[in-house]
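See below for structure.cif, which holds mmCIF, C-alpha atoms.
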```cif
data_work
loop_
_atom_site.group_PDB
_atom_site.id
_atom_site.type_symbol
_atom_site.label_atom_id
_atom_site.label_comp_id
_atom_site.auth_asym_id
_atom_site.auth_seq_id
_atom_site.Cartn_x
_atom_site.Cartn_y
_atom_site.Cartn_z
ATOM 1 C CA MET A 1 -165.036 42.679 -0.063
ATOM 2 C CA LEU A 2 -165.488 41.664 3.591
ATOM 3 C CA PHE A 3 -164.777 45.261 4.635
ATOM 4 C CA VAL A 4 -167.314 46.565 2.093
ATOM 5 C CA LEU A 5 -169.984 44.107 3.252
ATOM 6 C CA GLY A 6 -169.288 44.929 6.892
ATOM 7 C CA GLU A 7 -169.575 48.651 6.225
ATOM 8 C CA GLY A 8 -172.852 48.163 4.376
ATOM 9 C CA LEU A 9 -174.360 46.091 7.206
ATOM 10 C CA SER A 10 -173.111 48.425 9.942
ATOM 11 C CA GLY A 11 -174.479 51.424 8.068
ATOM 12 C CA LEU A 12 -177.874 49.745 7.897
ATOM 13 C CA LEU A 13 -177.827 49.015 11.639
ATOM 14 C CA LYS A 14 -176.664 52.501 12.620
ATOM 15 C CA SER A 15 -179.300 54.382 10.621
ATOM 16 C CA ARG A 16 -182.142 52.384 12.155
ATOM 17 C CA LEU A 17 -184.958 54.918 11.988
ATOM 18 C CA SER A 18 -184.293 56.241 8.483
ATOM 19 C CA GLY A 19 -183.456 52.726 7.265
ATOM 20 C CA LEU A 20 -186.674 51.361 8.772
ATOM 21 C CA MET A 21 -188.687 54.100 7.070
ATOM 22 C CA ALA A 22 -187.056 53.277 3.744
ATOM 23 C CA VAL A 23 -187.773 49.548 4.195
ATOM 24 C CA ILE A 24 -191.402 50.230 5.155
ATOM 25 C CA THR A 25 -191.879 52.550 2.183
ATOM 26 C CA ILE A 26 -190.439 49.981 -0.229
ATOM 27 C CA ALA A 27 -192.605 47.259 1.360
ATOM 28 C CA VAL A 28 -195.787 49.349 1.134
ATOM 29 C CA SER A 29 -194.947 50.397 -2.438
ATOM 30 C CA SER A 30 -194.329 46.775 -3.430
ATOM 31 C CA ILE A 31 -197.570 45.640 -1.748
ATOM 32 C CA LEU A 32 -199.605 48.275 -3.579
ATOM 33 C CA ILE A 33 -197.958 47.438 -6.896
ATOM 34 C CA GLY A 34 -198.446 43.716 -6.226
ATOM 35 C CA ILE A 35 -202.149 44.224 -5.478
ATOM 36 C CA PHE A 36 -202.597 46.183 -8.688
ATOM 37 C CA LEU A 37 -200.673 43.537 -10.638
ATOM 38 C CA ILE A 38 -202.911 40.795 -9.241
ATOM 39 C CA ILE A 39 -206.060 42.810 -9.937
ATOM 40 C CA THR A 40 -204.876 43.543 -13.474
ATOM 41 C CA ALA A 41 -203.942 39.902 -14.123
ATOM 42 C CA ASN A 42 -207.287 38.625 -12.835
ATOM 43 C CA LEU A 43 -209.130 41.389 -14.658
ATOM 44 C CA SER A 44 -207.380 40.391 -17.892
ATOM 45 C CA TYR A 45 -208.364 36.759 -17.295
ATOM 46 C CA LEU A 46 -211.970 37.788 -16.645
ATOM 47 C CA VAL A 47 -212.033 40.016 -19.720
ATOM 48 C CA GLU A 48 -210.657 37.257 -21.962
ATOM 49 C CA ASN A 49 -213.225 34.869 -20.506
ATOM 50 C CA LEU A 50 -216.049 37.319 -21.212
ATOM 51 C CA ARG A 51 -214.742 38.065 -24.691
ATOM 52 C CA GLY A 52 -214.628 34.342 -25.411
ATOM 53 C CA ARG A 53 -218.376 34.228 -24.772
ATOM 54 C CA VAL A 54 -219.197 37.001 -27.219
ATOM 55 C CA GLU A 55 -221.155 35.485 -30.090
ATOM 56 C CA LEU A 56 -223.003 36.756 -33.117
ATOM 57 C CA GLU A 57 -226.468 35.373 -33.784
ATOM 58 C CA VAL A 58 -227.540 35.339 -37.433
ATOM 59 C CA PHE A 59 -231.298 34.780 -37.750
ATOM 60 C CA LEU A 60 -232.537 33.091 -40.913
ATOM 61 C CA ASP A 61 -235.762 33.652 -42.798
ATOM 62 C CA ASP A 62 -238.268 30.792 -42.643
ATOM 63 C CA SER A 63 -238.344 30.743 -46.447
ATOM 64 C CA PHE A 64 -234.693 29.603 -46.679
ATOM 65 C CA ASN A 65 -234.357 26.020 -47.881
ATOM 66 C CA GLU A 66 -231.540 23.636 -46.994
ATOM 67 C CA GLU A 67 -229.513 24.610 -50.059
ATOM 68 C CA LYS A 68 -229.692 28.326 -49.204
ATOM 69 C CA ILE A 69 -228.749 27.610 -45.574
ATOM 70 C CA GLU A 70 -225.760 25.513 -46.667
ATOM 71 C CA THR A 71 -224.609 28.267 -49.054
ATOM 72 C CA LEU A 72 -224.812 30.902 -46.298
ATOM 73 C CA SER A 73 -222.980 28.569 -43.923
ATOM 74 C CA THR A 74 -220.083 28.237 -46.377
ATOM 75 C CA GLN A 75 -219.956 31.993 -46.977
ATOM 76 C CA ILE A 76 -219.936 32.864 -43.263
ATOM 77 C CA ARG A 77 -217.232 30.275 -42.469
ATOM 78 C CA ALA A 78 -215.019 31.919 -45.100
ATOM 79 C CA ILE A 79 -215.193 35.334 -43.390
ATOM 80 C CA HIS A 80 -211.988 36.406 -41.612
ATOM 81 C CA GLY A 81 -212.439 36.301 -37.863
ATOM 82 C CA VAL A 82 -215.015 33.516 -37.727
ATOM 83 C CA GLN A 83 -213.821 30.647 -35.556
ATOM 84 C CA THR A 84 -216.840 28.328 -35.384
ATOM 85 C CA LEU A 85 -220.307 28.298 -36.886
ATOM 86 C CA THR A 86 -223.197 26.358 -35.352
ATOM 87 C CA PHE A 87 -226.568 25.909 -37.040
ATOM 88 C CA ILE A 88 -229.569 26.070 -34.695
ATOM 89 C CA SER A 89 -232.750 24.734 -36.229
ATOM 90 C CA LYS A 90 -236.233 25.904 -35.316
ATOM 91 C CA GLU A 91 -236.774 22.704 -33.300
ATOM 92 C CA THR A 92 -233.518 23.201 -31.370
ATOM 93 C CA ALA A 93 -234.514 26.821 -30.655
ATOM 94 C CA VAL A 94 -237.792 25.595 -29.129
ATOM 95 C CA LEU A 95 -235.950 23.129 -26.872
ATOM 96 C CA ALA A 96 -233.570 25.888 -25.736
ATOM 97 C CA TYR A 97 -236.513 28.213 -25.045
ATOM 98 C CA ARG A 98 -238.356 25.592 -22.993
ATOM 99 C CA ASP A 99 -235.190 24.789 -21.053
ATOM 100 C CA LEU A 100 -234.664 28.484 -20.300
ATOM 101 C CA PHE A 101 -238.281 29.091 -19.215
ATOM 102 C CA LYS A 102 -239.055 25.676 -17.803
ATOM 103 C CA GLU A 103 -240.606 27.178 -14.649
ATOM 104 C CA GLN A 104 -243.527 28.498 -16.748
ATOM 105 C CA LYS A 105 -246.599 26.294 -16.566
ATOM 106 C CA ASP A 106 -248.158 27.332 -19.884
ATOM 107 C CA ASP A 107 -246.673 26.264 -23.194
ATOM 108 C CA TYR A 108 -247.002 29.237 -25.526
ATOM 109 C CA PHE A 109 -246.178 27.172 -28.598
ATOM 110 C CA ASP A 110 -249.193 24.906 -27.980
ATOM 111 C CA ALA A 111 -251.341 28.001 -27.553
ATOM 112 C CA LEU A 112 -250.010 29.570 -30.769
ATOM 113 C CA GLY A 113 -250.252 26.363 -32.719
ATOM 114 C CA TYR A 114 -246.935 26.937 -34.525
ATOM 115 C CA ASN A 115 -243.236 27.602 -33.856
ATOM 116 C CA PRO A 116 -242.496 31.352 -34.199
ATOM 117 C CA LEU A 117 -238.778 31.004 -33.458
ATOM 118 C CA PRO A 118 -236.479 31.321 -36.488
ATOM 119 C CA ALA A 119 -233.514 29.113 -37.313
ATOM 120 C CA SER A 120 -230.140 30.781 -36.818
ATOM 121 C CA PHE A 121 -226.369 30.542 -37.004
ATOM 122 C CA ARG A 122 -224.325 31.012 -33.841
ATOM 123 C CA VAL A 123 -220.944 32.524 -34.716
ATOM 124 C CA THR A 124 -217.947 32.543 -32.365
ATOM 125 C CA LEU A 125 -214.943 34.759 -33.084
ATOM 126 C CA LYS A 126 -211.228 34.112 -33.255
ATOM 127 C CA GLU A 127 -209.205 35.486 -30.350
ATOM 128 C CA SER A 128 -207.803 38.453 -32.283
ATOM 129 C CA TYR A 129 -211.345 39.483 -33.295
ATOM 130 C CA ARG A 130 -212.854 39.440 -29.792
ATOM 131 C CA THR A 131 -212.934 43.235 -29.594
ATOM 132 C CA SER A 132 -215.524 45.809 -30.579
ATOM 133 C CA THR A 133 -213.546 46.620 -33.735
ATOM 134 C CA GLY A 134 -213.044 42.970 -34.679
ATOM 135 C CA ALA A 135 -216.674 42.064 -33.960
ATOM 136 C CA ASP A 136 -217.822 45.052 -36.037
ATOM 137 C CA SER A 137 -215.702 43.791 -38.931
ATOM 138 C CA VAL A 138 -217.311 40.345 -38.818
ATOM 139 C CA PHE A 139 -220.763 41.916 -38.331
ATOM 140 C CA ASN A 140 -220.342 44.092 -41.443
ATOM 141 C CA SER A 141 -219.073 41.155 -43.501
ATOM 142 C CA ILE A 142 -222.040 38.976 -42.549
ATOM 143 C CA SER A 143 -224.541 41.820 -43.054
ATOM 144 C CA SER A 144 -223.192 42.404 -46.577
ATOM 145 C CA LEU A 145 -224.100 38.864 -47.665
ATOM 146 C CA ALA A 146 -227.076 38.389 -49.952
ATOM 147 C CA ASP A 147 -230.403 37.729 -48.150
ATOM 148 C CA ILE A 148 -228.918 38.892 -44.810
ATOM 149 C CA ASN A 149 -229.845 42.277 -43.324
ATOM 150 C CA GLU A 150 -228.245 44.159 -40.441
ATOM 151 C CA ASP A 151 -231.330 43.490 -38.323
ATOM 152 C CA ASP A 152 -230.794 39.740 -38.763
ATOM 153 C CA VAL A 153 -227.357 39.859 -37.091
ATOM 154 C CA VAL A 154 -227.340 40.418 -33.328
ATOM 155 C CA TYR A 155 -224.480 40.705 -30.847
ATOM 156 C CA ARG A 156 -223.687 42.623 -27.651
ATOM 157 C CA ARG A 157 -221.697 45.500 -29.132
ATOM 158 C CA GLU A 158 -222.534 47.932 -26.310
ATOM 159 C CA PHE A 159 -221.213 45.440 -23.769
ATOM 160 C CA LEU A 160 -217.891 45.102 -25.627
ATOM 161 C CA VAL A 161 -217.440 48.883 -25.993
ATOM 162 C CA LEU A 162 -218.238 49.477 -22.294
ATOM 163 C CA MET A 163 -215.908 46.676 -21.184
ATOM 164 C CA GLU A 164 -212.998 48.023 -23.248
ATOM 165 C CA ARG A 165 -213.558 51.528 -21.870
ATOM 166 C CA TYR A 166 -213.361 50.289 -18.279
ATOM 167 C CA ILE A 167 -210.263 48.239 -19.106
ATOM 168 C CA ARG A 168 -208.494 51.375 -20.359
ATOM 169 C CA ILE A 169 -209.505 53.260 -17.204
ATOM 170 C CA ALA A 170 -208.226 50.431 -14.977
ATOM 171 C CA ILE A 171 -204.883 50.276 -16.818
ATOM 172 C CA THR A 172 -204.471 54.068 -16.523
ATOM 173 C CA ILE A 173 -205.184 53.971 -12.779
ATOM 174 C CA ASP A 174 -202.725 51.078 -12.374
ATOM 175 C CA PHE A 175 -200.016 53.035 -14.159
ATOM 176 C CA LEU A 176 -200.594 56.258 -12.194
ATOM 177 C CA VAL A 177 -200.736 54.593 -8.773
ATOM 178 C CA GLY A 178 -197.736 52.406 -9.559
ATOM 179 C CA SER A 179 -195.730 55.429 -10.711
ATOM 180 C CA ILE A 180 -196.599 57.446 -7.608
ATOM 181 C CA VAL A 181 -195.723 54.722 -5.105
ATOM 182 C CA CYS A 182 -192.487 53.855 -6.932
ATOM 183 C CA LEU A 183 -191.456 57.512 -7.000
ATOM 184 C CA SER A 184 -192.201 57.838 -3.276
ATOM 185 C CA ALA A 185 -190.042 54.804 -2.490
ATOM 186 C CA LEU A 186 -187.196 56.085 -4.666
ATOM 187 C CA LEU A 187 -187.267 59.501 -3.003
ATOM 188 C CA LEU A 188 -187.226 58.038 0.505
ATOM 189 C CA VAL A 189 -184.403 55.607 -0.214
ATOM 190 C CA SER A 190 -182.450 58.369 -1.929
ATOM 191 C CA ASN A 191 -183.008 60.698 1.025
ATOM 192 C CA ASN A 192 -181.909 57.996 3.452
ATOM 193 C CA ILE A 193 -178.642 57.475 1.543
ATOM 194 C CA ARG A 194 -178.168 61.265 1.396
ATOM 195 C CA LEU A 195 -178.443 61.501 5.192
ATOM 196 C CA ILE A 196 -175.903 58.707 5.551
ATOM 197 C CA ILE A 197 -173.502 60.512 3.203
ATOM 198 C CA ILE A 198 -173.912 63.746 5.184
ATOM 199 C CA SER A 199 -173.361 61.978 8.515
ATOM 200 C CA LYS A 200 -170.230 60.278 7.157
ATOM 201 C CA ARG A 201 -168.869 63.169 5.127
ATOM 202 C CA ARG A 202 -165.739 63.594 7.305
ATOM 203 C CA ALA A 203 -165.032 59.885 7.258
ATOM 204 C CA ILE A 204 -165.497 59.878 3.462
ATOM 205 C CA GLU A 205 -163.134 62.857 3.074
ATOM 206 C CA THR A 206 -160.558 61.075 5.219
ATOM 207 C CA MET A 207 -160.898 57.873 3.185
ATOM 208 C CA LYS A 208 -160.312 59.882 0.005
ATOM 209 C CA LEU A 209 -157.201 61.516 1.476
ATOM 210 C CA VAL A 210 -155.642 58.177 2.403
ATOM 211 C CA GLY A 211 -156.282 56.809 -1.097
ATOM 212 C CA ALA A 212 -159.578 54.925 -0.833
ATOM 213 C CA THR A 213 -161.009 54.077 -4.259
ATOM 214 C CA ARG A 214 -164.422 55.189 -5.470
ATOM 215 C CA PHE A 215 -165.512 51.548 -5.286
ATOM 216 C CA LEU A 216 -164.545 51.278 -1.605
ATOM 217 C CA ILE A 217 -166.475 54.440 -0.718
ATOM 218 C CA ARG A 218 -169.590 53.855 -2.786
ATOM 219 C CA MET A 219 -170.095 50.099 -2.536
ATOM 220 C CA PRO A 220 -171.208 50.015 1.144
ATOM 221 C CA LEU A 221 -173.907 52.562 0.287
ATOM 222 C CA TYR A 222 -175.063 50.461 -2.669
ATOM 223 C CA ILE A 223 -175.143 47.403 -0.411
ATOM 224 C CA GLN A 224 -177.164 49.288 2.182
ATOM 225 C CA GLY A 225 -179.730 50.411 -0.402
ATOM 226 C CA THR A 226 -179.889 46.918 -1.886
ATOM 227 C CA LEU A 227 -180.468 45.348 1.540
ATOM 228 C CA GLN A 228 -183.217 47.851 2.297
ATOM 229 C CA GLY A 229 -184.884 46.999 -1.002
ATOM 230 C CA LEU A 230 -184.483 43.244 -0.477
ATOM 231 C CA ILE A 231 -185.957 43.369 3.039
ATOM 232 C CA GLY A 232 -188.812 45.571 1.814
ATOM 233 C CA GLY A 233 -189.525 43.224 -1.109
ATOM 234 C CA LEU A 234 -189.479 40.146 1.161
ATOM 235 C CA LEU A 235 -191.817 41.810 3.673
ATOM 236 C CA ALA A 236 -194.196 42.760 0.855
ATOM 237 C CA THR A 237 -194.144 39.203 -0.525
ATOM 238 C CA VAL A 238 -194.857 37.605 2.866
ATOM 239 C CA PHE A 239 -197.633 40.105 3.634
ATOM 240 C CA LEU A 240 -199.276 39.713 0.230
ATOM 241 C CA TYR A 241 -199.049 35.915 0.360
ATOM 242 C CA GLY A 242 -200.704 35.870 3.783
ATOM 243 C CA LEU A 243 -203.368 38.344 2.666
ATOM 244 C CA LEU A 244 -204.236 36.253 -0.381
ATOM 245 C CA LYS A 245 -204.375 33.076 1.699
ATOM 246 C CA LEU A 246 -206.863 34.726 4.066
ATOM 247 C CA SER A 247 -208.863 36.068 1.135
ATOM 248 C CA ALA A 248 -208.952 32.645 -0.492
ATOM 249 C CA ILE A 249 -210.588 31.244 2.651
ATOM 250 C CA GLU A 250 -213.484 33.669 2.348
ATOM 251 C CA ILE A 251 -213.625 34.002 -1.445
ATOM 252 C CA ALA A 252 -212.411 30.603 -2.564
ATOM 253 C CA GLY A 253 -211.640 30.258 -6.245
ATOM 254 C CA LEU A 254 -212.040 33.935 -7.071
ATOM 255 C CA ILE A 255 -208.372 34.939 -6.805
ATOM 256 C CA SER A 256 -205.722 33.431 -9.045
ATOM 257 C CA VAL A 257 -202.102 34.439 -8.465
ATOM 258 C CA ASN A 258 -199.101 33.432 -10.523
ATOM 259 C CA TRP A 259 -196.025 32.637 -8.389
ATOM 260 C CA GLN A 260 -193.969 34.865 -10.712
ATOM 261 C CA ILE A 261 -195.633 37.907 -9.110
ATOM 262 C CA TYR A 262 -193.848 37.133 -5.813
ATOM 263 C CA ILE A 263 -190.484 36.942 -7.595
ATOM 264 C CA LEU A 264 -191.325 40.209 -9.325
ATOM 265 C CA LEU A 265 -192.079 41.917 -5.989
ATOM 266 C CA ILE A 266 -188.730 40.907 -4.482
ATOM 267 C CA THR A 267 -186.943 42.029 -7.654
ATOM 268 C CA LEU A 268 -188.875 45.297 -7.623
ATOM 269 C CA GLY A 269 -187.871 45.955 -4.009
ATOM 270 C CA VAL A 270 -184.192 45.397 -4.820
ATOM 271 C CA LEU A 271 -184.444 47.656 -7.889
ATOM 272 C CA LEU A 272 -186.054 50.421 -5.828
ATOM 273 C CA GLY A 273 -183.268 50.185 -3.229
ATOM 274 C CA VAL A 274 -180.466 50.126 -5.805
ATOM 275 C CA THR A 275 -181.969 52.940 -7.905
ATOM 276 C CA GLY A 276 -182.529 55.144 -4.839
ATOM 277 C CA SER A 277 -178.932 54.557 -3.698
ATOM 278 C CA PHE A 278 -177.532 55.267 -7.156
ATOM 279 C CA SER A 279 -179.540 58.490 -7.411
ATOM 280 C CA ALA A 280 -178.311 59.776 -4.034
ATOM 281 C CA ILE A 281 -174.693 58.748 -4.545
ATOM 282 C CA ARG A 282 -174.549 60.308 -7.973
ATOM 283 C CA ARG A 283 -176.022 63.568 -6.711
ATOM 284 C CA TYR A 284 -174.423 64.009 -3.292
ATOM 285 C CA LEU A 285 -171.133 62.128 -3.453
#
```

Represent the structure from my file as structure tokens, please.
Amino acid sequence: MLFVLGEGLSGLLKSRLSGLMAVITIAVSSILIGIFLIITANLSYLVENLRGRVELEVFLDDSFNEEKIETLSTQIRAIHGVQTLTFISKETAVLAYRDLFKEQKDDYFDALGYNPLPASFRVTLKESYRTSTGADSVFNSISSLADINEDDVVYRREFLVLMERYIRIAITIDFLVGSIVCLSALLLVSNNIRLIIISKRRAIETMKLVGATRFLIRMPLYIQGTLQGLIGGLLATVFLYGLLKLSAIEIAGLISVNWQIYILLITLGVLLGVTGSFSAIRRYL
């Protein structure tokens, strides 16, 4: 094992230029993937936050008495997908309006002489229904109730549809970029191991003739690829950590990073190194 480790380390030191290129490629690939992972994670958090704010507003006719309002409240609460239901009276609607437009000097309600704002129900959705499809389902169920028309139920459907479309685009871009950079790293590591095999072909032939096992010949190359991947993953982790620290100084509170991403980057670097070595050894040895 000491001989195998020594051979792996010496091989890494001897092929400095090609080894350095492989390490840099793995590091850059891991950095790019890490950035996309962080963007995706924060985007998912933002999307869930925005979806949590999606509400349906059910406006009620002024002719509805307390008994009718209570009946509708019970019916809406029973609909699948409804998480909470809040009744907003006409008086509460006026207070909310005045709070929203408090900079206005004139009071339109005093000028009108009556309160034109209707009472309403504010409906929040369960987590599994916070999509355009789920919101549509709740919308249709509420609209089908007696004394409730489609025009009485309002929610930001266009916003949900647009948000989901951009999420799909972002995920597709993440996948394509991640695939390209990973493939580039694999090809470079594989090519580096191939060059090492070619440069050592006579030594390898001699080792075979004197009875060296497949393990003894291949293991140093695996170790070399693994070390390249580990160094690349560590460099990517340090760089990304420093970059995020600098970003946090200028955009405090806007970037949230789970520590597991750093572990994932190191693991990814090792996997790229091992996979590239395995590919080259299997093909050229």

Near-range 265-273 of chain A list (7 Å; all atoms listed in the file; drop same-chain fewer than 4 positions) as a ChimeraX atom specification: /A:26,30,34,185-186,189,225-226,228-230,232-234,237,261,277

Leu37 in chain A surroundings by only C-alpha atoms, 12 Å radius, close-in-sequence under 3 positions cut, as a ChimeraX atom specification: /A:30-34,40-44,170-171,173-175,177-178,240,256-258,260-262,264-265

Residue IDs satisfying the PyMOL selection byres ((chain A and resi 283) around 12), as a ChimeraX atom specification: /A:190-191,193-194,197,276-282,284-285

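Computed from the coordinates, the CA of Thr25 in chain A to CA of Tyr166 in chain A distance equals 29.8 Å.
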
For Val82 in chain A: contacts at 9 Å, only C-alpha atoms, fewer than 6 positions along chain excluded, given as a list in words: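 Within the cut-off, the hits are Ile76, Val123, Thr124, Leu125, Lys126, Tyr129 and Val138 of chain A.
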
Would you output that residue set with C-alpha atoms, as a PDB file, in the coordinates of the input?
```
ATOM      1  CA  ILE A  76    -219.936  32.864 -43.263  1.00  0.00           C
ATOM      2  CA  VAL A 123    -220.944  32.524 -34.716  1.00  0.00           C
ATOM      3  CA  THR A 124    -217.947  32.543 -32.365  1.00  0.00           C
ATOM      4  CA  LEU A 125    -214.943  34.759 -33.084  1.00  0.00           C
ATOM      5  CA  LYS A 126    -211.228  34.112 -33.255  1.00  0.00           C
ATOM      6  CA  TYR A 129    -211.345  39.483 -33.295  1.00  0.00           C
ATOM      7  CA  VAL A 138    -217.311  40.345 -38.818  1.00  0.00           C
TER       8      VAL A 138
END
```

Surrounding residues of range 46-62 of chain A excluding itself and chain neighbours under 5 positions, 9 Å, only C-alpha atoms, as number ranges by chain: A: 41, 69, 118-127, 130-131, 135, 138-139, 142, 147-148, 151-156, 160, 163-164, 167

Save the residues we just selected, C-alpha atoms, as a JSON list (two decimals), in the coordinates of the input?
```
[["chain", "number", "residue", "atom", "x", "y", "z"],
["A", 41, "ALA", "CA", -203.94, 39.90, -14.12],
["A", 69, "ILE", "CA", -228.75, 27.61, -45.57],
["A", 118, "PRO", "CA", -236.48, 31.32, -36.49],
["A", 119, "ALA", "CA", -233.51, 29.11, -37.31],
["A", 120, "SER", "CA", -230.14, 30.78, -36.82],
["A", 121, "PHE", "CA", -226.37, 30.54, -37.00],
["A", 122, "ARG", "CA", -224.32, 31.01, -33.84],
["A", 123, "VAL", "CA", -220.94, 32.52, -34.72],
["A", 124, "THR", "CA", -217.95, 32.54, -32.36],
["A", 125, "LEU", "CA", -214.94, 34.76, -33.08],
["A", 126, "LYS", "CA", -211.23, 34.11, -33.26],
["A", 127, "GLU", "CA", -209.20, 35.49, -30.35],
["A", 130, "ARG", "CA", -212.85, 39.44, -29.79],
["A", 131, "THR", "CA", -212.93, 43.24, -29.59],
["A", 135, "ALA", "CA", -216.67, 42.06, -33.96],
["A", 138, "VAL", "CA", -217.31, 40.34, -38.82],
["A", 139, "PHE", "CA", -220.76, 41.92, -38.33],
["A", 142, "ILE", "CA", -222.04, 38.98, -42.55],
["A", 147, "ASP", "CA", -230.40, 37.73, -48.15],
["A", 148, "ILE", "CA", -228.92, 38.89, -44.81],
["A", 151, "ASP", "CA", -231.33, 43.49, -38.32],
["A", 152, "ASP", "CA", -230.79, 39.74, -38.76],
["A", 153, "VAL", "CA", -227.36, 39.86, -37.09],
["A", 154, "VAL", "CA", -227.34, 40.42, -33.33],
["A", 155, "TYR", "CA", -224.48, 40.70, -30.85],
["A", 156, "ARG", "CA", -223.69, 42.62, -27.65],
["A", 160, "LEU", "CA", -217.89, 45.10, -25.63],
["A", 163, "MET", "CA", -215.91, 46.68, -21.18],
["A", 164, "GLU", "CA", -213.00, 48.02, -23.25],
["A", 167, "ILE", "CA", -210.26, 48.24, -19.11]]
```

Which of A:Gly242, A:Leu162, A:Thr71, A:Tyr114 sits closest to Ala146 in chain A [using only C-alpha atoms]: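 Comparing A:Gly242, A:Leu162, A:Thr71, A:Tyr114 against Ala146 in chain A, the winner is A:Thr71.
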
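Interatomic distance, CA of Arg98 in chain A to CA of Thr74 in chain A: 29.8 Å.
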
Coordinates-based distance that separates CA of Leu188 in chain A from CA of Met21 in chain A (Å, one decimal): 7.8 Å
